[in-house]
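Data block below; observations after.
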Amino acid sequence: MSDIEKLKHATYIIFHPFNGFYEMKYRGMGSFGIATTLFVLYGVMGILAFQYTGFIVKINPLFRMNSISIFITTLFPYLLFIIGNWSVVTLFDGKGSLLEIYMVICYSLIPLIVFNFVGLIFSNFIILEEIAILNFFLAIGNIWFYFIAFCGLCTIHEYTVVTNIKTLVITSAAVIIIIFLCMLYYTLIGNMVSFVSVLMKELLKRW
(Lines give C-alpha, C1' and ligand atoms only; values in the text may rest on other atoms or scores of the structure.)
Protein backbone atom coordinates (compact mmCIF):
# COMPACT_ATOMS: atom_id res chain seq x y z
CA MET A 1 0.00 0.00 0.00
CA SER A 2 1.40 3.39 -1.02
CA ASP A 3 2.05 6.25 1.38
CA ILE A 4 -0.44 8.40 -0.52
CA GLU A 5 -3.23 5.89 0.16
CA LYS A 6 -2.26 5.78 3.85
CA LEU A 7 -2.29 9.58 3.95
CA LYS A 8 -5.77 9.61 2.43
CA HIS A 9 -6.82 7.08 5.03
CA ALA A 10 -5.76 9.53 7.77
CA THR A 11 -8.35 12.01 6.49
CA TYR A 12 -10.90 9.18 6.24
CA ILE A 13 -10.39 8.33 9.91
CA ILE A 14 -11.44 11.75 11.20
CA PHE A 15 -14.86 11.37 9.55
CA HIS A 16 -15.30 7.60 9.91
CA PRO A 17 -13.33 6.68 13.06
CA PHE A 18 -14.79 3.20 13.68
CA ASN A 19 -14.25 1.96 10.13
CA GLY A 20 -11.01 3.87 9.79
CA PHE A 21 -9.37 2.42 12.88
CA TYR A 22 -10.71 -1.05 12.09
CA GLU A 23 -8.93 -0.92 8.74
CA MET A 24 -5.84 0.46 10.46
CA LYS A 25 -5.74 -2.46 12.90
CA TYR A 26 -6.74 -5.36 10.69
CA ARG A 27 -5.83 -4.26 7.15
CA GLY A 28 -2.60 -2.38 7.73
CA MET A 29 -3.95 0.99 6.63
CA GLY A 30 -2.09 2.87 9.36
CA SER A 31 1.38 4.35 9.14
CA PHE A 32 3.78 4.83 12.03
CA GLY A 33 5.57 7.52 10.04
CA ILE A 34 2.38 9.53 9.44
CA ALA A 35 1.35 9.10 13.08
CA THR A 36 4.71 10.35 14.34
CA THR A 37 4.66 13.26 11.90
CA LEU A 38 1.27 14.30 13.25
CA PHE A 39 2.55 13.96 16.82
CA VAL A 40 5.60 16.14 16.14
CA LEU A 41 3.47 18.62 14.21
CA TYR A 42 1.19 19.02 17.22
CA GLY A 43 4.24 19.73 19.38
CA VAL A 44 5.35 22.38 16.89
CA MET A 45 1.86 23.87 17.04
CA GLY A 46 2.35 24.30 20.79
CA ILE A 47 5.48 26.38 20.11
CA LEU A 48 3.74 28.46 17.43
CA ALA A 49 0.74 29.05 19.69
CA PHE A 50 2.99 30.31 22.49
CA GLN A 51 4.80 32.72 20.21
CA TYR A 52 2.21 33.89 17.70
CA THR A 53 -1.17 33.85 19.50
CA GLY A 54 -2.74 37.29 19.31
CA PHE A 55 -2.07 39.54 22.30
CA ILE A 56 -5.81 40.08 22.83
CA VAL A 57 -6.24 36.37 23.54
CA LYS A 58 -3.04 35.63 25.41
CA ILE A 59 0.12 37.51 26.34
CA ASN A 60 3.09 35.18 26.69
CA PRO A 61 6.50 36.39 27.97
CA LEU A 62 8.57 35.63 24.87
CA PHE A 63 11.79 36.45 26.70
CA ARG A 64 11.14 33.31 28.78
CA MET A 65 10.32 31.15 25.77
CA ASN A 66 12.03 27.77 25.64
CA SER A 67 11.00 25.90 22.50
CA ILE A 68 12.24 22.52 23.71
CA SER A 69 10.41 22.86 27.02
CA ILE A 70 7.18 23.92 25.29
CA PHE A 71 7.47 21.05 22.81
CA ILE A 72 7.93 18.49 25.58
CA THR A 73 5.19 19.84 27.83
CA THR A 74 2.77 19.93 24.89
CA LEU A 75 3.27 16.25 24.07
CA PHE A 76 4.02 14.85 27.52
CA PRO A 77 0.35 14.51 28.67
CA TYR A 78 -0.46 12.43 25.59
CA LEU A 79 2.56 10.18 26.15
CA LEU A 80 1.48 9.72 29.75
CA PHE A 81 -2.02 8.75 28.62
CA ILE A 82 -0.66 6.28 26.05
CA ILE A 83 1.50 4.55 28.65
CA GLY A 84 -1.26 4.68 31.27
CA ASN A 85 -3.88 3.26 28.92
CA TRP A 86 -1.59 0.46 27.77
CA SER A 87 -0.78 -0.50 31.36
CA VAL A 88 -4.50 -0.64 32.21
CA VAL A 89 -5.89 -2.48 29.19
CA THR A 90 -3.41 -5.32 29.66
CA LEU A 91 -5.36 -6.09 32.84
CA PHE A 92 -8.77 -5.78 31.13
CA ASP A 93 -8.18 -8.03 28.10
CA GLY A 94 -7.68 -5.11 25.75
CA LYS A 95 -6.65 -6.24 22.26
CA GLY A 96 -4.73 -3.08 21.34
CA SER A 97 -0.94 -2.92 21.47
CA LEU A 98 1.12 0.02 22.68
CA LEU A 99 1.86 0.96 19.07
CA GLU A 100 -1.83 0.91 18.15
CA ILE A 101 -2.76 3.12 21.12
CA TYR A 102 -0.02 5.53 20.06
CA MET A 103 -1.30 5.63 16.49
CA VAL A 104 -4.90 6.16 17.62
CA ILE A 105 -3.91 9.19 19.68
CA CYS A 106 -1.70 10.59 16.93
CA TYR A 107 -4.36 10.26 14.23
CA SER A 108 -6.94 11.75 16.60
CA LEU A 109 -4.80 14.90 16.86
CA ILE A 110 -5.66 15.93 13.29
CA PRO A 111 -8.71 18.06 14.27
CA LEU A 112 -6.70 19.70 17.07
CA ILE A 113 -3.89 20.58 14.67
CA VAL A 114 -6.25 22.03 12.08
CA PHE A 115 -8.52 23.94 14.47
CA ASN A 116 -5.61 25.26 16.55
CA PHE A 117 -3.79 26.45 13.44
CA VAL A 118 -6.84 28.25 12.09
CA GLY A 119 -7.56 29.64 15.56
CA LEU A 120 -3.97 30.85 15.82
CA ILE A 121 -4.37 32.86 12.63
CA PHE A 122 -7.76 34.30 13.63
CA SER A 123 -6.46 35.26 17.10
CA ASN A 124 -4.38 37.99 15.46
CA PHE A 125 -7.37 39.62 13.77
CA ILE A 126 -10.25 39.36 16.25
CA ILE A 127 -11.44 41.97 18.72
CA LEU A 128 -12.13 41.46 22.43
CA GLU A 129 -15.83 40.74 21.92
CA GLU A 130 -15.03 37.89 19.52
CA ILE A 131 -12.87 35.86 21.92
CA ALA A 132 -15.88 33.75 22.95
CA ILE A 133 -16.43 32.79 19.29
CA LEU A 134 -12.78 31.78 18.97
CA ASN A 135 -12.97 29.68 22.16
CA PHE A 136 -16.10 27.96 20.86
CA PHE A 137 -14.30 27.24 17.58
CA LEU A 138 -11.33 25.72 19.42
CA ALA A 139 -13.69 23.70 21.64
CA ILE A 140 -15.06 22.00 18.52
CA GLY A 141 -11.57 20.77 17.71
CA ASN A 142 -11.12 19.43 21.24
CA ILE A 143 -14.48 17.64 21.24
CA TRP A 144 -13.71 16.15 17.83
CA PHE A 145 -10.36 14.91 19.14
CA TYR A 146 -11.95 13.23 22.17
CA PHE A 147 -14.63 11.62 19.99
CA ILE A 148 -12.14 10.16 17.50
CA ALA A 149 -9.82 8.94 20.27
CA PHE A 150 -12.73 7.32 22.12
CA CYS A 151 -13.93 5.55 18.98
CA GLY A 152 -10.40 4.47 18.16
CA LEU A 153 -9.77 2.99 21.60
CA CYS A 154 -13.09 1.14 21.46
CA THR A 155 -12.10 -0.34 18.11
CA ILE A 156 -8.53 -1.44 18.74
CA HIS A 157 -9.31 -2.87 22.20
CA GLU A 158 -12.59 -4.42 21.03
CA TYR A 159 -14.39 -2.79 23.96
CA THR A 160 -17.98 -1.78 24.41
CA VAL A 161 -18.68 1.85 25.20
CA VAL A 162 -19.21 1.12 28.91
CA THR A 163 -16.01 -0.93 29.21
CA ASN A 164 -14.04 1.75 27.42
CA ILE A 165 -15.34 4.42 29.80
CA LYS A 166 -14.33 2.25 32.77
CA THR A 167 -10.81 1.76 31.44
CA LEU A 168 -10.47 5.48 30.71
CA VAL A 169 -11.38 6.28 34.31
CA ILE A 170 -8.83 3.77 35.56
CA THR A 171 -6.31 5.15 33.05
CA SER A 172 -6.71 8.56 34.67
CA ALA A 173 -5.85 7.00 38.02
CA ALA A 174 -2.88 5.21 36.44
CA VAL A 175 -1.59 8.49 35.01
CA ILE A 176 -1.77 10.09 38.47
CA ILE A 177 0.18 7.16 39.93
CA ILE A 178 2.81 7.42 37.19
CA ILE A 179 3.22 11.15 37.84
CA PHE A 180 3.55 10.49 41.58
CA LEU A 181 6.19 7.79 41.03
CA CYS A 182 8.12 10.03 38.63
CA MET A 183 8.10 12.87 41.16
CA LEU A 184 9.17 10.46 43.91
CA TYR A 185 11.98 9.10 41.75
CA TYR A 186 13.10 12.63 40.83
CA THR A 187 13.11 13.65 44.51
CA LEU A 188 15.09 10.57 45.55
CA ILE A 189 17.65 11.12 42.81
CA GLY A 190 17.95 14.78 43.83
CA ASN A 191 18.49 13.83 47.47
CA MET A 192 21.09 11.24 46.53
CA VAL A 193 22.98 13.71 44.34
CA SER A 194 22.84 16.31 47.10
CA PHE A 195 24.08 13.78 49.68
CA VAL A 196 26.97 12.64 47.50
CA SER A 197 27.88 16.26 46.72
CA VAL A 198 27.97 17.19 50.44
CA LEU A 199 29.92 14.03 51.25
CA MET A 200 32.52 14.75 48.58
CA LYS A 201 32.95 18.32 49.81
CA GLU A 202 33.49 17.11 53.38
CA LEU A 203 36.03 14.53 52.26
CA LEU A 204 37.90 17.10 50.19
CA LYS A 205 38.02 19.49 53.13
CA ARG A 206 39.44 16.79 55.43
CA TRP A 207 42.04 15.75 52.89
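We name chains A, B, ... following the order of the C-alpha coordinates; residues begin at 1 in each chain, and ligands are numbered from 1 as shown.
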Inset, instruction - Identify, with DSSP run on backbone atoms, the residues in region 2-195 of chain A assigned to alpha helix (DSSP H), and express the list as a ChimeraX atom specification. - result: /A:3-13,17-26,32-52,67-89,98-108,110-122,131-157,161-195
Inset, instruction - Using only C-alpha atoms, determine which residues lie at most 12 Å from Pro17 (chain A), disregarding the query and same-chain residues fewer than 5 positions distant; provide the list as a ChimeraX atom specification. - result: /A:9-12,22-25,104-105,107-108,144-156
Residues of region 122-149 of chain A that approach region 44-62 of chain A to 12 Å or less, counting only C-alpha atoms: could you list each one with the shortest pair of atoms and its distance in Å to one decimal, rows by chain and increasing residue number, as JSON lines?
{"residue": "A:Phe122", "atom": "CA", "partner": "A:Gly54", "partner_atom": "CA", "distance": 8.1}
{"residue": "A:Ser123", "atom": "CA", "partner": "A:Gly54", "partner_atom": "CA", "distance": 4.8}
{"residue": "A:Asn124", "atom": "CA", "partner": "A:Gly54", "partner_atom": "CA", "distance": 4.2}
{"residue": "A:Phe125", "atom": "CA", "partner": "A:Gly54", "partner_atom": "CA", "distance": 7.6}
{"residue": "A:Ile126", "atom": "CA", "partner": "A:Ile56", "partner_atom": "CA", "distance": 8.0}
{"residue": "A:Ile127", "atom": "CA", "partner": "A:Ile56", "partner_atom": "CA", "distance": 7.2}
{"residue": "A:Leu128", "atom": "CA", "partner": "A:Ile56", "partner_atom": "CA", "distance": 6.5}
{"residue": "A:Glu129", "atom": "CA", "partner": "A:Ile56", "partner_atom": "CA", "distance": 10.1}
{"residue": "A:Glu130", "atom": "CA", "partner": "A:Val57", "partner_atom": "CA", "distance": 9.8}
{"residue": "A:Ile131", "atom": "CA", "partner": "A:Val57", "partner_atom": "CA", "distance": 6.8}
{"residue": "A:Ala132", "atom": "CA", "partner": "A:Val57", "partner_atom": "CA", "distance": 10.0}
{"residue": "A:Ile133", "atom": "CA", "partner": "A:Val57", "partner_atom": "CA", "distance": 11.6}
{"residue": "A:Leu134", "atom": "CA", "partner": "A:Val57", "partner_atom": "CA", "distance": 9.2}
{"residue": "A:Asn135", "atom": "CA", "partner": "A:Val57", "partner_atom": "CA", "distance": 9.6}
Inset, instruction - Please measure the separation of CA of Leu38 (chain A) and CA of His157 (chain A), giving the value in Å to one decimal. - result: 22.1 Å
Inset, instruction - Between CA of Tyr102 (chain A) and CA of Ile170 (chain A), measure the distance and give it in Å to one decimal. - result: 17.9 Å
